[in-house]
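**Student:** File name run07.cif; file contents mmCIF, C-alpha atoms; full text below.
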```
data_start
#
loop_
_atom_site.label_atom_id
_atom_site.label_comp_id
_atom_site.auth_asym_id
_atom_site.auth_seq_id
_atom_site.Cartn_x
_atom_site.Cartn_y
_atom_site.Cartn_z
CA ASP A 134 -19.43 2.43 0.98
CA ALA A 135 -17.52 5.70 1.08
CA GLY A 136 -14.16 3.99 1.36
CA VAL A 137 -11.32 5.19 3.55
CA ILE A 138 -11.61 8.91 4.21
CA GLN A 139 -8.61 11.10 4.90
CA SER A 140 -8.39 14.75 5.80
CA PRO A 141 -7.09 17.17 4.92
CA ARG A 142 -6.21 16.26 1.34
CA HIS A 143 -3.52 18.89 1.22
CA GLU A 144 -1.62 20.54 4.05
CA VAL A 145 0.99 23.24 3.82
CA THR A 146 2.69 24.29 7.02
CA GLU A 147 5.86 25.87 8.28
CA MET A 148 8.71 24.09 9.94
CA GLY A 149 8.15 23.68 13.66
CA GLN A 150 4.37 23.62 13.48
CA GLU A 151 2.24 20.71 14.65
CA VAL A 152 0.47 18.74 11.94
CA THR A 153 -2.44 16.34 12.48
CA LEU A 154 -3.63 14.00 9.77
CA ARG A 155 -6.94 12.22 10.12
CA CYS A 156 -8.33 8.95 8.87
CA LYS A 157 -11.72 7.28 8.96
CA PRO A 158 -11.47 3.58 8.04
CA ILE A 159 -14.12 1.59 6.24
CA SER A 160 -16.91 0.65 8.61
CA GLY A 161 -16.42 -2.85 10.00
CA HIS A 162 -12.69 -2.96 9.30
CA ASN A 163 -10.60 -3.65 12.36
CA SER A 164 -7.08 -3.09 11.05
CA LEU A 165 -5.71 0.32 10.18
CA PHE A 166 -2.39 1.23 8.56
CA TRP A 167 -0.50 4.49 8.09
CA TYR A 168 1.95 4.74 5.17
CA ARG A 169 4.24 7.47 3.91
CA GLN A 170 5.27 7.84 0.27
CA THR A 171 8.19 9.85 -1.05
CA MET A 172 10.10 9.73 -4.31
CA MET A 173 13.26 8.68 -2.54
CA ARG A 174 11.93 5.98 -0.23
CA GLY A 175 8.76 4.83 -1.96
CA LEU A 176 5.82 3.58 0.09
CA GLU A 177 6.72 2.86 3.71
CA LEU A 178 4.56 1.42 6.48
CA LEU A 179 4.72 3.65 9.54
CA ILE A 180 2.40 1.93 12.00
CA TYR A 181 -0.60 -0.35 12.09
CA PHE A 182 -3.41 -1.04 14.53
CA ASN A 183 -5.58 -4.08 15.17
CA ASN A 184 -8.79 -3.44 17.08
CA ASN A 185 -7.56 0.07 17.97
CA VAL A 186 -4.34 -1.25 19.52
CA PRO A 187 -0.96 -0.35 17.97
CA ILE A 188 0.70 -3.59 16.89
CA ASP A 189 3.86 -2.46 15.13
CA ASP A 190 5.22 1.08 15.13
CA SER A 191 8.74 0.18 14.03
CA GLY A 192 8.29 2.25 10.89
CA MET A 193 7.65 5.48 12.76
CA PRO A 194 10.70 7.59 11.92
CA GLU A 195 11.24 9.28 15.26
CA ASP A 196 9.62 10.61 18.39
CA ARG A 197 8.19 13.56 16.53
CA PHE A 198 5.66 11.17 15.03
CA SER A 199 2.78 9.73 17.02
CA ALA A 200 -0.41 7.90 16.06
CA LYS A 201 -3.59 7.20 17.95
CA MET A 202 -6.76 5.28 17.34
CA PRO A 203 -9.25 6.25 20.05
CA ASN A 204 -12.06 4.22 18.48
CA ALA A 205 -12.79 1.93 15.57
CA SER A 206 -13.82 4.76 13.27
CA PHE A 207 -11.04 7.29 13.71
CA SER A 208 -7.27 7.56 13.75
CA THR A 209 -4.79 10.42 13.78
CA LEU A 210 -1.16 10.76 12.81
CA LYS A 211 0.55 13.70 14.44
CA ILE A 212 3.90 15.29 13.66
CA GLN A 213 5.27 17.69 16.25
CA PRO A 214 7.37 19.61 15.42
CA SER A 215 7.24 19.21 11.66
CA GLU A 216 10.35 19.46 9.47
CA PRO A 217 10.79 19.94 5.72
CA ARG A 218 11.94 16.31 5.34
CA ASP A 219 8.49 15.21 6.51
CA SER A 220 7.04 16.45 3.24
CA ALA A 221 5.37 13.44 1.63
CA VAL A 222 2.04 11.88 0.82
CA TYR A 223 0.58 10.07 3.81
CA PHE A 224 -1.84 7.25 3.16
CA CYS A 225 -4.20 5.51 5.51
CA ALA A 226 -5.48 2.01 4.73
CA SER A 227 -7.88 -0.34 6.45
CA SER A 228 -8.70 -4.01 6.26
CA THR A 229 -10.67 -6.76 7.93
CA ARG A 230 -8.48 -9.03 9.96
CA PRO A 231 -8.95 -12.53 8.55
CA GLY A 232 -8.85 -15.83 10.32
CA VAL A 233 -5.69 -17.71 11.14
CA GLY A 234 -3.74 -18.70 8.03
CA ALA A 235 -5.46 -16.19 5.78
CA THR A 236 -4.39 -12.72 4.77
CA ASP A 237 -6.04 -9.38 4.40
CA THR A 238 -6.65 -6.98 1.54
CA GLN A 239 -5.91 -3.37 2.34
CA TYR A 240 -8.06 -0.54 1.07
CA PHE A 241 -6.27 2.77 0.77
CA GLY A 242 -7.54 6.29 1.19
CA PRO A 243 -6.76 9.11 -1.25
CA GLY A 244 -3.86 10.35 0.85
CA THR A 245 -2.83 13.65 2.41
CA ARG A 246 -0.15 15.61 0.61
CA LEU A 247 1.93 17.35 3.27
CA THR A 248 4.33 20.15 2.47
CA VAL A 249 6.50 21.55 5.25
CA LEU A 250 8.21 24.80 4.33
CA ASP B 38 8.32 -11.04 4.08
CA ALA B 39 10.17 -12.05 0.94
CA LYS B 40 11.97 -9.43 -1.10
CA THR B 41 10.42 -8.81 -4.51
CA THR B 42 12.11 -7.67 -7.71
CA GLN B 43 10.28 -6.04 -10.61
CA PRO B 44 11.40 -4.28 -13.79
CA PRO B 45 11.21 -0.51 -13.32
CA SER B 46 9.12 0.10 -16.42
CA MET B 47 7.23 -1.56 -19.24
CA ASP B 48 5.23 -0.47 -22.25
CA CYS B 49 2.15 -2.08 -23.71
CA ALA B 50 -0.09 -1.30 -26.67
CA GLU B 51 -3.71 -0.56 -25.93
CA GLY B 52 -5.86 -3.65 -26.36
CA ARG B 53 -2.98 -6.04 -25.97
CA ALA B 54 -2.19 -8.16 -22.96
CA ALA B 55 0.20 -6.71 -20.41
CA ASN B 56 2.38 -9.25 -18.63
CA LEU B 57 4.12 -7.91 -15.55
CA PRO B 58 6.75 -10.16 -13.96
CA CYS B 59 7.81 -10.35 -10.34
CA ASN B 60 10.60 -12.32 -8.75
CA HIS B 61 10.18 -13.45 -5.14
CA SER B 62 12.76 -16.20 -4.89
CA THR B 63 12.94 -16.12 -1.07
CA ILE B 64 9.23 -16.59 -0.56
CA SER B 65 8.28 -18.97 2.23
CA GLY B 66 5.56 -21.59 2.21
CA ASN B 67 2.90 -19.55 3.96
CA GLU B 68 3.47 -16.28 2.11
CA TYR B 69 0.88 -15.04 -0.33
CA VAL B 70 1.71 -13.01 -3.43
CA TYR B 71 -0.19 -9.73 -3.66
CA TRP B 72 -0.50 -7.23 -6.46
CA TYR B 73 -1.54 -3.62 -6.05
CA ARG B 74 -1.43 -0.71 -8.44
CA GLN B 75 -1.21 3.02 -7.99
CA ILE B 76 -2.58 5.39 -10.55
CA HIS B 77 -0.97 8.79 -10.43
CA SER B 78 -1.76 10.72 -7.22
CA GLN B 79 -4.21 8.10 -5.96
CA GLY B 80 -3.92 5.58 -3.16
CA PRO B 81 -2.79 2.05 -4.06
CA GLN B 82 -5.55 -0.24 -5.24
CA TYR B 83 -5.76 -3.98 -4.63
CA ILE B 84 -5.73 -6.12 -7.77
CA ILE B 85 -5.33 -9.79 -6.91
CA HIS B 86 -3.52 -12.23 -4.66
CA GLY B 87 -2.68 -15.93 -4.57
CA LEU B 88 -0.77 -18.62 -2.72
CA LYS B 89 -0.07 -21.52 -5.05
CA ASN B 90 -2.72 -21.75 -7.70
CA ASN B 91 -3.31 -19.38 -10.54
CA GLU B 92 -6.01 -16.85 -9.84
CA THR B 93 -8.33 -14.76 -11.98
CA ASN B 94 -10.75 -11.98 -11.19
CA GLU B 95 -12.47 -9.22 -13.10
CA MET B 96 -9.33 -7.12 -13.19
CA ALA B 97 -6.49 -9.52 -13.91
CA SER B 98 -4.98 -12.98 -13.80
CA LEU B 99 -2.13 -14.10 -11.58
CA ILE B 100 0.18 -16.87 -12.68
CA ILE B 101 2.47 -18.29 -9.99
CA THR B 102 5.25 -20.66 -11.00
CA GLU B 103 5.27 -24.13 -9.54
CA ASP B 104 8.28 -23.36 -7.33
CA ARG B 105 6.57 -20.10 -6.31
CA LYS B 106 9.73 -18.11 -6.87
CA SER B 107 8.13 -15.83 -9.43
CA SER B 108 4.76 -14.71 -10.67
CA THR B 109 3.21 -12.79 -13.55
CA LEU B 110 0.30 -10.41 -13.44
CA ILE B 111 -1.68 -10.41 -16.66
CA LEU B 112 -3.98 -7.62 -17.76
CA PRO B 113 -5.70 -9.35 -20.68
CA HIS B 114 -6.75 -6.25 -22.64
CA ALA B 115 -4.85 -3.21 -21.42
CA THR B 116 -6.49 0.19 -21.68
CA LEU B 117 -5.06 3.67 -21.28
CA ARG B 118 -6.55 3.76 -17.79
CA ASP B 119 -4.33 0.85 -16.78
CA THR B 120 -1.29 3.12 -16.94
CA ALA B 121 -0.01 2.98 -13.37
CA VAL B 122 2.73 1.72 -11.07
CA TYR B 123 2.18 -1.95 -10.28
CA TYR B 124 3.49 -3.33 -7.01
CA CYS B 125 4.16 -6.97 -6.27
CA SER B 126 4.38 -7.90 -2.60
CA THR B 127 4.30 -10.89 -0.31
CA GLN B 128 2.47 -11.28 2.96
CA LYS B 129 2.49 -14.08 5.45
CA GLY B 130 -0.75 -15.66 6.48
CA GLY B 131 -1.78 -15.66 10.08
CA SER B 132 -0.56 -13.07 12.50
CA ASN B 133 1.67 -10.96 10.27
CA TYR B 134 -0.31 -8.37 8.35
CA LYS B 135 2.55 -6.18 7.18
CA LEU B 136 2.59 -5.48 3.47
CA THR B 137 5.94 -4.34 2.11
CA PHE B 138 6.00 -2.45 -1.16
CA GLY B 139 9.02 -2.39 -3.44
CA LYS B 140 9.63 0.14 -6.18
CA GLY B 141 7.10 -1.41 -8.54
CA THR B 142 6.80 -1.38 -12.33
CA LEU B 143 5.56 1.67 -14.19
CA LEU B 144 3.31 0.29 -16.91
CA THR B 145 2.60 2.72 -19.71
CA VAL B 146 -0.22 1.74 -22.06
CA ASN B 147 0.20 3.43 -25.41
CA PRO B 148 -2.62 4.19 -27.88
#
```
Spell out the structure here as structure tokens.
**Tutor:**
Amino acid sequence: DAGVIQSPRHEVTEMGQEVTLRCKPISGHNSLFWYRQTMMRGLELLIYFNNNVPIDDSGMPEDRFSAKMPNASFSTLKIQPSEPRDSAVYFCASSTRPGVGATDTQYFGPGTRLTVL
Amino acid sequence: DAKTTQPPSMDCAEGRAANLPCNHSTISGNEYVYWYRQIHSQGPQYIIHGLKNNETNEMASLIITEDRKSSTLILPHATLRDTAVYYCSTQKGGSNYKLTFGKGTLLTVNP
């Protein structure tokens, strides 16, 4: 299996521009997670989906951030307009939702390093 | 999910066992203990998880105390490639799938 695929791996943009990050989860996984990692705040969960439906977006910092999952094999995280404080590494992870009482193991992608100038 | 506390850094000699502690004193009965690690610039990687009993897999062993308030991840024969940040987390079974990462422990394996 190719694992979780993210693109682009690196993105440099200017403040005010729209940024779209992409994620392809592992085939057969039905949960998808977006995380952000910075030196100051560590690894933070932004949003997660089950069966393409957003379940919890309480970690999304503000309205400039939006995430979609139009189908089971693709998700996007969009920042519009971008700001320098959005500079971070963004990770996507996927998992198979287990049965009641069990838990899941998340598989992470390689991340997208975003720099907003 | 329970809050976890880990030492910020540890050193280990290559070939020796690395024992990484984690405190999760507020853990509830249906919360699992999870360990992930992150090698520089890569995405976090799952290592092992457990509920009550000790667990072992090809990567590591997990020892959970009887009161479940703390656990230890054991890398039996650390190699230089095990140098990474190790995260201990808890996750409730059932409907809650959120995984909360603390600051982790930077393990440095020295030759």
**Student:** Residue by residue, what does the PyMOL selection byres ((chain B and resi 47-50) around 8) grab here? Present the result as a list of chain:residue names.
**Tutor:**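 After applying the PyMOL selection byres ((chain B and resi 47-50) around 8), what remains is B:Pro44, B:Pro45, B:Ser46, B:Glu51, B:Gly52, B:Arg53, B:Ala54, B:Ala55, B:Leu57, B:Ala115, B:Thr142, B:Leu143, B:Leu144, B:Thr145, B:Val146, B:Asn147, B:Pro148.
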**Student:** Would you list the residues near (-4.9, -9.2, -5.8), meaning any protein, DNA or RNA residue with an atom at most 10 Å from that point in file coordinates, counting all atoms listed in the file, as a list in words?
**Tutor:** Thr238 of chain A; Tyr69, Val70, Tyr71, Trp72, Tyr73, Arg74, Gln82, Tyr83, Ile84, Ile85, His86, Gly87, Glu92, Thr93, Asn94, Met96, Ala97, Ser98, Leu99, Leu110, Cys125 and Ser126 of chain B
**Student:** Quick check, in Å to one decimal: how far apart do atom CA of B:Thr127 and atom CA of A:Ile159 lie?
**Tutor:**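 Those two atoms sit 23.2 Å apart.
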**Student:** In Å, rounded to a single decimal, give me how far atom CA of B:Ser108 is from atom CA of A:Pro243.
**Tutor:** 28.1 Å
**Student:** Considering only C-alpha atoms, give me a table of residues in chain B that are at most 8 Å from chain A, with the closest atom pair and distance in Å for each, as a Markdown table.
**Tutor:**
```
| residue | atom | partner | partner_atom | distance |
| --- | --- | --- | --- | --- |
| B:Asn67 | CA | A:Gly234 | CA | 7.8 |
| B:Tyr69 | CA | A:Thr236 | CA | 7.7 |
| B:Ser78 | CA | A:Pro243 | CA | 8.0 |
| B:Gln79 | CA | A:Pro243 | CA | 5.5 |
| B:Gly80 | CA | A:Pro243 | CA | 4.9 |
| B:Pro81 | CA | A:Phe241 | CA | 6.0 |
| B:Gln82 | CA | A:Phe241 | CA | 6.8 |
| B:Tyr83 | CA | A:Thr238 | CA | 6.9 |
| B:Gln128 | CA | A:Thr236 | CA | 7.2 |
| B:Lys129 | CA | A:Thr236 | CA | 7.0 |
| B:Gly130 | CA | A:Gly234 | CA | 4.5 |
| B:Gly131 | CA | A:Gly234 | CA | 4.2 |
| B:Ser132 | CA | A:Val233 | CA | 7.0 |
| B:Tyr134 | CA | A:Thr236 | CA | 7.0 |
| B:Lys135 | CA | A:Leu178 | CA | 7.9 |
| B:Leu136 | CA | A:Leu178 | CA | 7.8 |
| B:Thr137 | CA | A:Leu178 | CA | 7.4 |
| B:Phe138 | CA | A:Leu176 | CA | 6.2 |
| B:Gly139 | CA | A:Gly175 | CA | 7.4 |
| B:Lys140 | CA | A:Gly175 | CA | 6.4 |
```
**Student:** Taking into account all atoms listed in the file, which residue in the set A:Arg142, A:Phe182, A:Pro194, A:Ser215 is nearest to A:Leu154?
**Tutor:** A:Arg142
**Student:** I'd like the interatomic distance between atom CA of B:Ile64 and atom CA of A:Tyr168, to a tenth of an Å.
**Tutor:** 23.3 Å
**Student:** Run through the PyMOL selection byres ((chain B and resi 90) around 9) on the given coordinates and return the selected residues as a list in words.
**Tutor:**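 That expression, the PyMOL selection byres ((chain B and resi 90) around 9), corresponds here to Gly87, Leu88, Lys89, Asn91, Glu92, Leu99, Ile100, Ile101, Thr102 and Glu103 of chain B.
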**Student:** Can you list, as a PDB file with C-alpha atoms, keeping the file's coordinate frame, the residues that the PyMOL selection byres ((chain A and resi 184) around 9) selects here?
**Tutor:**
```
ATOM      1  CA  HIS A 162     -12.690  -2.960   9.300  1.00  0.00           C
ATOM      2  CA  ASN A 163     -10.600  -3.650  12.360  1.00  0.00           C
ATOM      3  CA  SER A 164      -7.080  -3.090  11.050  1.00  0.00           C
ATOM      4  CA  LEU A 165      -5.710   0.320  10.180  1.00  0.00           C
ATOM      5  CA  PHE A 182      -3.410  -1.040  14.530  1.00  0.00           C
ATOM      6  CA  ASN A 183      -5.580  -4.080  15.170  1.00  0.00           C
ATOM      7  CA  ASN A 185      -7.560   0.070  17.970  1.00  0.00           C
ATOM      8  CA  VAL A 186      -4.340  -1.250  19.520  1.00  0.00           C
ATOM      9  CA  PRO A 187      -0.960  -0.350  17.970  1.00  0.00           C
ATOM     10  CA  MET A 202      -6.760   5.280  17.340  1.00  0.00           C
ATOM     11  CA  ASN A 204     -12.060   4.220  18.480  1.00  0.00           C
ATOM     12  CA  ALA A 205     -12.790   1.930  15.570  1.00  0.00           C
TER      13      ALA A 205
END
```
**Student:** Near A:Ile138, counting all atoms listed in the file, which residues have an atom at most 7 Å away, once you skip same-chain residues fewer than 3 positions from it, shown as a list in words?
**Tutor:** Cys156, Lys157, Pro158 and Gly242 of chain A
**Student:** May I ask which of the residues A:Thr209, A:Thr146, A:Ser199, A:Ser191 is the closest one to A:Leu247, counting all atoms listed in the file?
**Tutor:**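 Comparing A:Thr209, A:Thr146, A:Ser199, A:Ser191 against A:Leu247, the winner is A:Thr146.
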**Student:** Of the residues B:Gln43, B:His114, B:Gly66, B:Gly141, which is the one nearest to B:Glu95, using only C-alpha atoms?
**Tutor:**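 Ranking B:Gln43, B:His114, B:Gly66, B:Gly141 by distance to B:Glu95, first place goes to B:His114.
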